[in-house]
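K.L.:
Enclosed is the structure file run29.cif (mmCIF, N, CA and C atoms).
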```cif
data_work
loop_
_atom_site.label_atom_id
_atom_site.label_comp_id
_atom_site.auth_asym_id
_atom_site.auth_seq_id
_atom_site.Cartn_x
_atom_site.Cartn_y
_atom_site.Cartn_z
N PHE A 1 -99.38 -65.64 -144.24
CA PHE A 1 -98.04 -65.10 -144.30
C PHE A 1 -98.09 -63.66 -143.85
N THR A 2 -96.93 -63.13 -143.48
CA THR A 2 -96.88 -61.80 -142.86
C THR A 2 -95.85 -60.92 -143.58
N PRO A 3 -96.24 -60.27 -144.67
CA PRO A 3 -95.30 -59.45 -145.41
C PRO A 3 -95.01 -58.11 -144.72
N ASN A 4 -94.23 -58.18 -143.63
CA ASN A 4 -93.95 -56.96 -142.86
C ASN A 4 -92.48 -56.56 -142.91
N GLY A 5 -91.69 -57.24 -143.74
CA GLY A 5 -90.30 -56.85 -143.91
C GLY A 5 -89.33 -57.39 -142.87
N ASP A 6 -89.80 -58.32 -142.02
CA ASP A 6 -88.90 -58.85 -141.00
C ASP A 6 -88.08 -60.06 -141.46
N GLY A 7 -88.28 -60.46 -142.72
CA GLY A 7 -87.53 -61.58 -143.27
C GLY A 7 -88.11 -62.95 -142.96
N VAL A 8 -89.23 -63.01 -142.27
CA VAL A 8 -89.88 -64.27 -141.92
C VAL A 8 -91.28 -64.29 -142.52
N ASN A 9 -91.55 -65.24 -143.40
CA ASN A 9 -92.87 -65.38 -144.04
C ASN A 9 -93.33 -64.12 -144.75
N ASP A 10 -92.39 -63.41 -145.39
CA ASP A 10 -92.72 -62.17 -146.09
C ASP A 10 -93.31 -62.42 -147.48
N VAL A 11 -93.13 -63.62 -148.01
CA VAL A 11 -93.58 -63.94 -149.37
C VAL A 11 -94.31 -65.28 -149.34
N PHE A 12 -95.46 -65.34 -150.04
CA PHE A 12 -96.16 -66.60 -150.21
C PHE A 12 -95.69 -67.22 -151.51
N GLU A 13 -95.13 -68.42 -151.40
CA GLU A 13 -94.63 -69.10 -152.58
C GLU A 13 -94.82 -70.60 -152.42
N ILE A 14 -94.85 -71.29 -153.54
CA ILE A 14 -94.95 -72.74 -153.54
C ILE A 14 -93.55 -73.27 -153.84
N VAL A 15 -92.99 -74.00 -152.92
CA VAL A 15 -91.64 -74.53 -153.10
C VAL A 15 -91.70 -75.90 -153.77
N GLY A 16 -90.62 -76.24 -154.45
CA GLY A 16 -90.51 -77.56 -155.07
C GLY A 16 -91.02 -77.64 -156.49
N LEU A 17 -91.32 -76.50 -157.11
CA LEU A 17 -91.85 -76.53 -158.48
C LEU A 17 -90.76 -76.48 -159.54
N ASP A 18 -89.52 -76.31 -159.15
CA ASP A 18 -88.43 -76.19 -160.11
C ASP A 18 -88.28 -77.41 -161.01
N ASP A 19 -88.69 -78.58 -160.54
CA ASP A 19 -88.50 -79.82 -161.29
C ASP A 19 -89.60 -80.08 -162.31
N TYR A 20 -90.58 -79.22 -162.40
CA TYR A 20 -91.70 -79.45 -163.30
C TYR A 20 -91.62 -78.52 -164.51
N PRO A 21 -91.94 -79.05 -165.69
CA PRO A 21 -91.75 -78.26 -166.91
C PRO A 21 -92.67 -77.06 -167.05
N LYS A 22 -93.83 -77.11 -166.43
CA LYS A 22 -94.79 -76.01 -166.51
C LYS A 22 -95.46 -75.87 -165.15
N ASN A 23 -95.54 -74.65 -164.67
CA ASN A 23 -96.28 -74.42 -163.44
C ASN A 23 -96.76 -72.98 -163.42
N GLU A 24 -97.83 -72.77 -162.68
CA GLU A 24 -98.41 -71.43 -162.59
C GLU A 24 -99.07 -71.26 -161.24
N LEU A 25 -98.81 -70.12 -160.61
CA LEU A 25 -99.43 -69.76 -159.33
C LEU A 25 -100.29 -68.53 -159.56
N THR A 26 -101.55 -68.60 -159.17
CA THR A 26 -102.47 -67.47 -159.29
C THR A 26 -103.12 -67.24 -157.93
N ILE A 27 -103.17 -65.97 -157.52
CA ILE A 27 -103.80 -65.57 -156.26
C ILE A 27 -105.01 -64.70 -156.59
N PHE A 28 -106.14 -64.98 -155.94
CA PHE A 28 -107.38 -64.25 -156.15
C PHE A 28 -107.83 -63.61 -154.84
N ASN A 29 -108.40 -62.40 -154.92
CA ASN A 29 -108.99 -61.80 -153.73
C ASN A 29 -110.40 -62.35 -153.54
N ARG A 30 -111.11 -61.85 -152.55
CA ARG A 30 -112.43 -62.39 -152.23
C ARG A 30 -113.47 -62.14 -153.31
N TRP A 31 -113.20 -61.23 -154.23
CA TRP A 31 -114.13 -60.93 -155.32
C TRP A 31 -113.75 -61.67 -156.61
N GLY A 32 -112.74 -62.51 -156.53
CA GLY A 32 -112.32 -63.28 -157.70
C GLY A 32 -111.36 -62.56 -158.62
N GLN A 33 -110.90 -61.39 -158.22
CA GLN A 33 -109.95 -60.62 -159.03
C GLN A 33 -108.55 -61.22 -158.84
N VAL A 34 -107.83 -61.39 -159.94
CA VAL A 34 -106.46 -61.88 -159.87
C VAL A 34 -105.58 -60.76 -159.33
N VAL A 35 -104.93 -61.01 -158.19
CA VAL A 35 -104.05 -60.02 -157.59
C VAL A 35 -102.58 -60.38 -157.77
N PHE A 36 -102.32 -61.63 -158.22
CA PHE A 36 -100.94 -62.05 -158.47
C PHE A 36 -100.97 -63.28 -159.36
N GLN A 37 -100.02 -63.33 -160.30
CA GLN A 37 -99.89 -64.50 -161.16
C GLN A 37 -98.46 -64.61 -161.63
N THR A 38 -97.93 -65.83 -161.62
CA THR A 38 -96.57 -66.05 -162.10
C THR A 38 -96.42 -67.48 -162.60
N ALA A 39 -95.53 -67.63 -163.55
CA ALA A 39 -95.13 -68.95 -164.03
C ALA A 39 -93.68 -69.21 -163.65
N ASN A 40 -93.11 -68.31 -162.87
CA ASN A 40 -91.73 -68.44 -162.42
C ASN A 40 -91.73 -69.02 -161.01
N PRO A 41 -91.21 -70.25 -160.83
CA PRO A 41 -91.26 -70.86 -159.50
C PRO A 41 -90.39 -70.16 -158.46
N GLU A 42 -89.56 -69.25 -158.89
CA GLU A 42 -88.69 -68.52 -157.95
C GLU A 42 -89.30 -67.21 -157.47
N VAL A 43 -90.51 -66.90 -157.94
CA VAL A 43 -91.18 -65.65 -157.58
C VAL A 43 -92.43 -65.96 -156.78
N GLY A 44 -92.60 -65.28 -155.65
CA GLY A 44 -93.79 -65.46 -154.82
C GLY A 44 -94.53 -64.14 -154.65
N TRP A 45 -95.69 -64.21 -154.01
CA TRP A 45 -96.52 -63.03 -153.80
C TRP A 45 -96.09 -62.31 -152.54
N ASP A 46 -95.89 -61.01 -152.65
CA ASP A 46 -95.45 -60.19 -151.51
C ASP A 46 -96.60 -59.48 -150.80
N GLY A 47 -97.83 -59.80 -151.16
CA GLY A 47 -98.99 -59.20 -150.51
C GLY A 47 -99.44 -57.89 -151.13
N ASN A 48 -98.84 -57.52 -152.27
CA ASN A 48 -99.21 -56.28 -152.96
C ASN A 48 -99.93 -56.58 -154.26
N PHE A 49 -100.74 -55.63 -154.70
CA PHE A 49 -101.37 -55.67 -156.02
C PHE A 49 -101.21 -54.29 -156.61
N ASN A 50 -100.56 -54.21 -157.76
CA ASN A 50 -100.23 -52.92 -158.39
C ASN A 50 -99.49 -52.02 -157.41
N GLU A 51 -98.56 -52.63 -156.66
CA GLU A 51 -97.72 -51.95 -155.68
C GLU A 51 -98.49 -51.38 -154.49
N VAL A 52 -99.73 -51.81 -154.30
CA VAL A 52 -100.55 -51.37 -153.17
C VAL A 52 -100.70 -52.55 -152.20
N PRO A 53 -100.31 -52.38 -150.94
CA PRO A 53 -100.49 -53.46 -149.97
C PRO A 53 -101.97 -53.85 -149.86
N GLN A 54 -102.23 -55.14 -149.91
CA GLN A 54 -103.60 -55.63 -149.84
C GLN A 54 -104.05 -55.81 -148.40
N ASP A 55 -105.37 -55.79 -148.22
CA ASP A 55 -105.95 -55.92 -146.88
C ASP A 55 -105.68 -57.31 -146.31
N LEU A 56 -105.65 -57.36 -144.99
CA LEU A 56 -105.52 -58.66 -144.36
C LEU A 56 -106.76 -59.47 -144.64
N GLY A 57 -106.59 -60.77 -144.63
CA GLY A 57 -107.71 -61.66 -144.91
C GLY A 57 -107.28 -62.89 -145.66
N ASP A 58 -108.27 -63.65 -146.09
CA ASP A 58 -108.01 -64.88 -146.84
C ASP A 58 -108.03 -64.61 -148.34
N TYR A 59 -107.12 -65.25 -149.03
CA TYR A 59 -107.00 -65.17 -150.48
C TYR A 59 -106.96 -66.59 -151.02
N ASN A 60 -107.60 -66.80 -152.15
CA ASN A 60 -107.59 -68.12 -152.77
C ASN A 60 -106.39 -68.24 -153.70
N TYR A 61 -105.83 -69.43 -153.75
CA TYR A 61 -104.75 -69.67 -154.71
C TYR A 61 -105.05 -70.92 -155.53
N HIS A 62 -104.56 -70.89 -156.77
CA HIS A 62 -104.60 -72.03 -157.68
C HIS A 62 -103.18 -72.28 -158.14
N VAL A 63 -102.77 -73.52 -158.09
CA VAL A 63 -101.46 -73.91 -158.60
C VAL A 63 -101.69 -74.96 -159.67
N ILE A 64 -101.15 -74.71 -160.85
CA ILE A 64 -101.19 -75.70 -161.93
C ILE A 64 -99.78 -76.21 -162.12
N VAL A 65 -99.63 -77.52 -162.03
CA VAL A 65 -98.32 -78.14 -162.18
C VAL A 65 -98.37 -79.05 -163.39
N GLY A 66 -97.52 -78.76 -164.38
CA GLY A 66 -97.42 -79.62 -165.56
C GLY A 66 -96.48 -80.77 -165.26
N LYS A 67 -96.98 -81.98 -165.42
CA LYS A 67 -96.18 -83.16 -165.15
C LYS A 67 -95.37 -83.55 -166.39
N VAL A 68 -94.38 -84.38 -166.18
CA VAL A 68 -93.51 -84.82 -167.27
C VAL A 68 -94.31 -85.60 -168.32
N ASP A 69 -95.37 -86.29 -167.91
CA ASP A 69 -96.16 -87.08 -168.86
C ASP A 69 -97.14 -86.23 -169.67
N GLY A 70 -97.12 -84.90 -169.47
CA GLY A 70 -97.97 -84.00 -170.25
C GLY A 70 -99.29 -83.65 -169.60
N THR A 71 -99.64 -84.29 -168.50
CA THR A 71 -100.88 -83.96 -167.81
C THR A 71 -100.62 -82.85 -166.80
N ASN A 72 -101.69 -82.24 -166.34
CA ASN A 72 -101.60 -81.18 -165.34
C ASN A 72 -102.25 -81.62 -164.04
N ALA A 73 -101.68 -81.18 -162.94
CA ALA A 73 -102.30 -81.35 -161.63
C ALA A 73 -102.68 -79.95 -161.15
N VAL A 74 -103.88 -79.81 -160.59
CA VAL A 74 -104.36 -78.53 -160.10
C VAL A 74 -104.58 -78.62 -158.59
N TYR A 75 -104.02 -77.67 -157.88
CA TYR A 75 -104.17 -77.61 -156.44
C TYR A 75 -104.79 -76.26 -156.09
N LYS A 76 -105.74 -76.26 -155.17
CA LYS A 76 -106.42 -75.04 -154.75
C LYS A 76 -106.43 -74.96 -153.24
N GLY A 77 -106.44 -73.74 -152.74
CA GLY A 77 -106.51 -73.56 -151.30
C GLY A 77 -106.62 -72.10 -150.95
N THR A 78 -106.45 -71.80 -149.68
CA THR A 78 -106.48 -70.42 -149.22
C THR A 78 -105.20 -70.11 -148.46
N VAL A 79 -104.83 -68.86 -148.51
CA VAL A 79 -103.70 -68.36 -147.74
C VAL A 79 -104.21 -67.13 -147.00
N THR A 80 -103.78 -66.98 -145.76
CA THR A 80 -104.20 -65.83 -144.96
C THR A 80 -103.08 -64.80 -144.90
N LEU A 81 -103.43 -63.58 -145.29
CA LEU A 81 -102.51 -62.45 -145.25
C LEU A 81 -102.73 -61.72 -143.92
N ILE A 82 -101.66 -61.60 -143.15
CA ILE A 82 -101.72 -60.92 -141.86
C ILE A 82 -100.77 -59.76 -141.89
N ARG A 83 -101.20 -58.61 -141.48
CA ARG A 83 -100.33 -57.43 -141.44
C ARG A 83 -100.13 -56.99 -140.02
#
```
Write out the structure in this file as structure tokens.
P.N.:
Amino acid sequence: FTPNGDGVNDVFEIVGLDDYPKNELTIFNRWGQVVFQTANPEVGWDGNFNEVPQDLGDYNYHVIVGKVDGTNAVYKGTVTLIR
């Protein structure tokens, strides 16, 4: 994603989580430090950590989705930050 203020791909977010009772998005930098975390499906990562723009590169994400039956599904992947 490209958080450069042009209104296109400025925020990394997981869409479609509104229908699930519990969900969490966590973003980690290359050293395993959490740079973003939210349980609000309407909030995405803007590429900043403590209001400081992060370096371009790959970041790992974990998404935990609570299903209606009480179980959790976990999805992991990488997102590339381009400035």
K.L.:
With 3 Å added on each side, what axis-aligned box encloses every listed atom of segment 37-44 of chain A? Give the centre and edge lengths in Å to one decimal, as lines of an AutoDock Vina configuration file.
P.N.:
```
center_x = -94.4
center_y = -67.1
center_z = -159.3
size_x = 17.3
size_y = 13.5
size_z = 15.4
```
K.L.:
Would you work out the distance separating atom CA of Val11 of chain A from atom CA of Asn48 of chain A, expressed in Å to one decimal?
P.N.:
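Calculated distance between atom CA of Val11 of chain A and atom CA of Asn48 of chain A is 10.2 Å.
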K.L.:
Can you tell me how far atom CA of Asp69 of chain A sits from atom C of Val43 of chain A, in Å to one decimal?
P.N.:
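Atom-to-atom, atom CA of Asp69 of chain A and atom C of Val43 of chain A are spaced 24.6 Å apart.
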K.L.:
Atom C of Ile27 of chain A and atom N of Gly5 of chain A, how far apart in Å?
P.N.:
20.0 Å
K.L.:
So which residues touch Glu42 of chain A within 8 Å, counting only N, CA and C atoms, skipping near sequence neighbours fewer than 6 positions away, as an mmCIF file with N, CA and C atoms, keeping the file's coordinate frame?
P.N.:
```cif
data_model
loop_
_atom_site.group_PDB
_atom_site.id
_atom_site.type_symbol
_atom_site.label_atom_id
_atom_site.label_comp_id
_atom_site.auth_asym_id
_atom_site.auth_seq_id
_atom_site.Cartn_x
_atom_site.Cartn_y
_atom_site.Cartn_z
ATOM 1 N N GLU A 13 -95.130 -68.420 -151.400
ATOM 2 C CA GLU A 13 -94.630 -69.100 -152.580
ATOM 3 C C GLU A 13 -94.820 -70.600 -152.420
ATOM 4 N N ILE A 14 -94.850 -71.290 -153.540
ATOM 5 C CA ILE A 14 -94.950 -72.740 -153.540
ATOM 6 C C ILE A 14 -93.550 -73.270 -153.840
ATOM 7 N N LEU A 17 -91.320 -76.500 -157.110
ATOM 8 C CA LEU A 17 -91.850 -76.530 -158.480
ATOM 9 C C LEU A 17 -90.760 -76.480 -159.540
ATOM 10 N N ASP A 18 -89.520 -76.310 -159.150
ATOM 11 C CA ASP A 18 -88.430 -76.190 -160.110
ATOM 12 C C ASP A 18 -88.280 -77.410 -161.010
#
```
K.L.:
Which residues are close to His62 of chain A, i.e. within 7 Å by only C-alpha atoms, leaving aside same-chain residues fewer than 6 positions away? Reply as a PyMOL selection string.
P.N.:
chain A and resi 25-27+74-77
K.L.:
Based on the backbone DSSP call, show me all residues of chain A assigned strand (DSSP E or B), as number ranges by chain.
P.N.:
A: 12, 22-28, 34-38, 45, 48-49, 52-53, 57-66, 72-81
K.L.:
Any chance you could resolve the PyMOL selection byres ((chain A and resi 3) around 8) against this file and give the residues as a ChimeraX atom specification?
P.N.:
/A:1-2,4-12,45-48,81-83
K.L.:
Once the PyMOL selection byres ((chain A and resi 78) around 6) has been applied to the shown file, what residues remain in the selection, as a tab-separated table (two decimals) with N, CA and C atoms, in the frame of the given file?
P.N.:
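expr-v2.tsv, freshly written:
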```tsv
chain	number	residue	atom	x	y	z
A	59	TYR	N	-107.12	-65.25	-149.03
A	59	TYR	CA	-107.00	-65.17	-150.48
A	59	TYR	C	-106.96	-66.59	-151.02
A	60	ASN	N	-107.60	-66.80	-152.15
A	60	ASN	CA	-107.59	-68.12	-152.77
A	60	ASN	C	-106.39	-68.24	-153.70
A	61	TYR	N	-105.83	-69.43	-153.75
A	61	TYR	CA	-104.75	-69.67	-154.71
A	61	TYR	C	-105.05	-70.92	-155.53
A	76	LYS	N	-105.74	-76.26	-155.17
A	76	LYS	CA	-106.42	-75.04	-154.75
A	76	LYS	C	-106.43	-74.96	-153.24
A	77	GLY	N	-106.44	-73.74	-152.74
A	77	GLY	CA	-106.51	-73.56	-151.30
A	77	GLY	C	-106.62	-72.10	-150.95
A	79	VAL	N	-104.83	-68.86	-148.51
A	79	VAL	CA	-103.70	-68.36	-147.74
A	79	VAL	C	-104.21	-67.13	-147.00
A	80	THR	N	-103.78	-66.98	-145.76
A	80	THR	CA	-104.20	-65.83	-144.96
A	80	THR	C	-103.08	-64.80	-144.90
```
K.L.:
Find the residues around Ile64 of chain A up to 6 Å (only C-alpha atoms counted), leave out those fewer than 6 positions away in its own chain, and share them as a ChimeraX atom specification.
P.N.:
/A:23-24,73-74
K.L.:
Identify all residues satisfying the PyMOL selection byres ((chain A and resi 67) around 8) in the given file; provide them as a PyMOL selection string.
P.N.:
chain A and resi 19-23+64-66+68-73
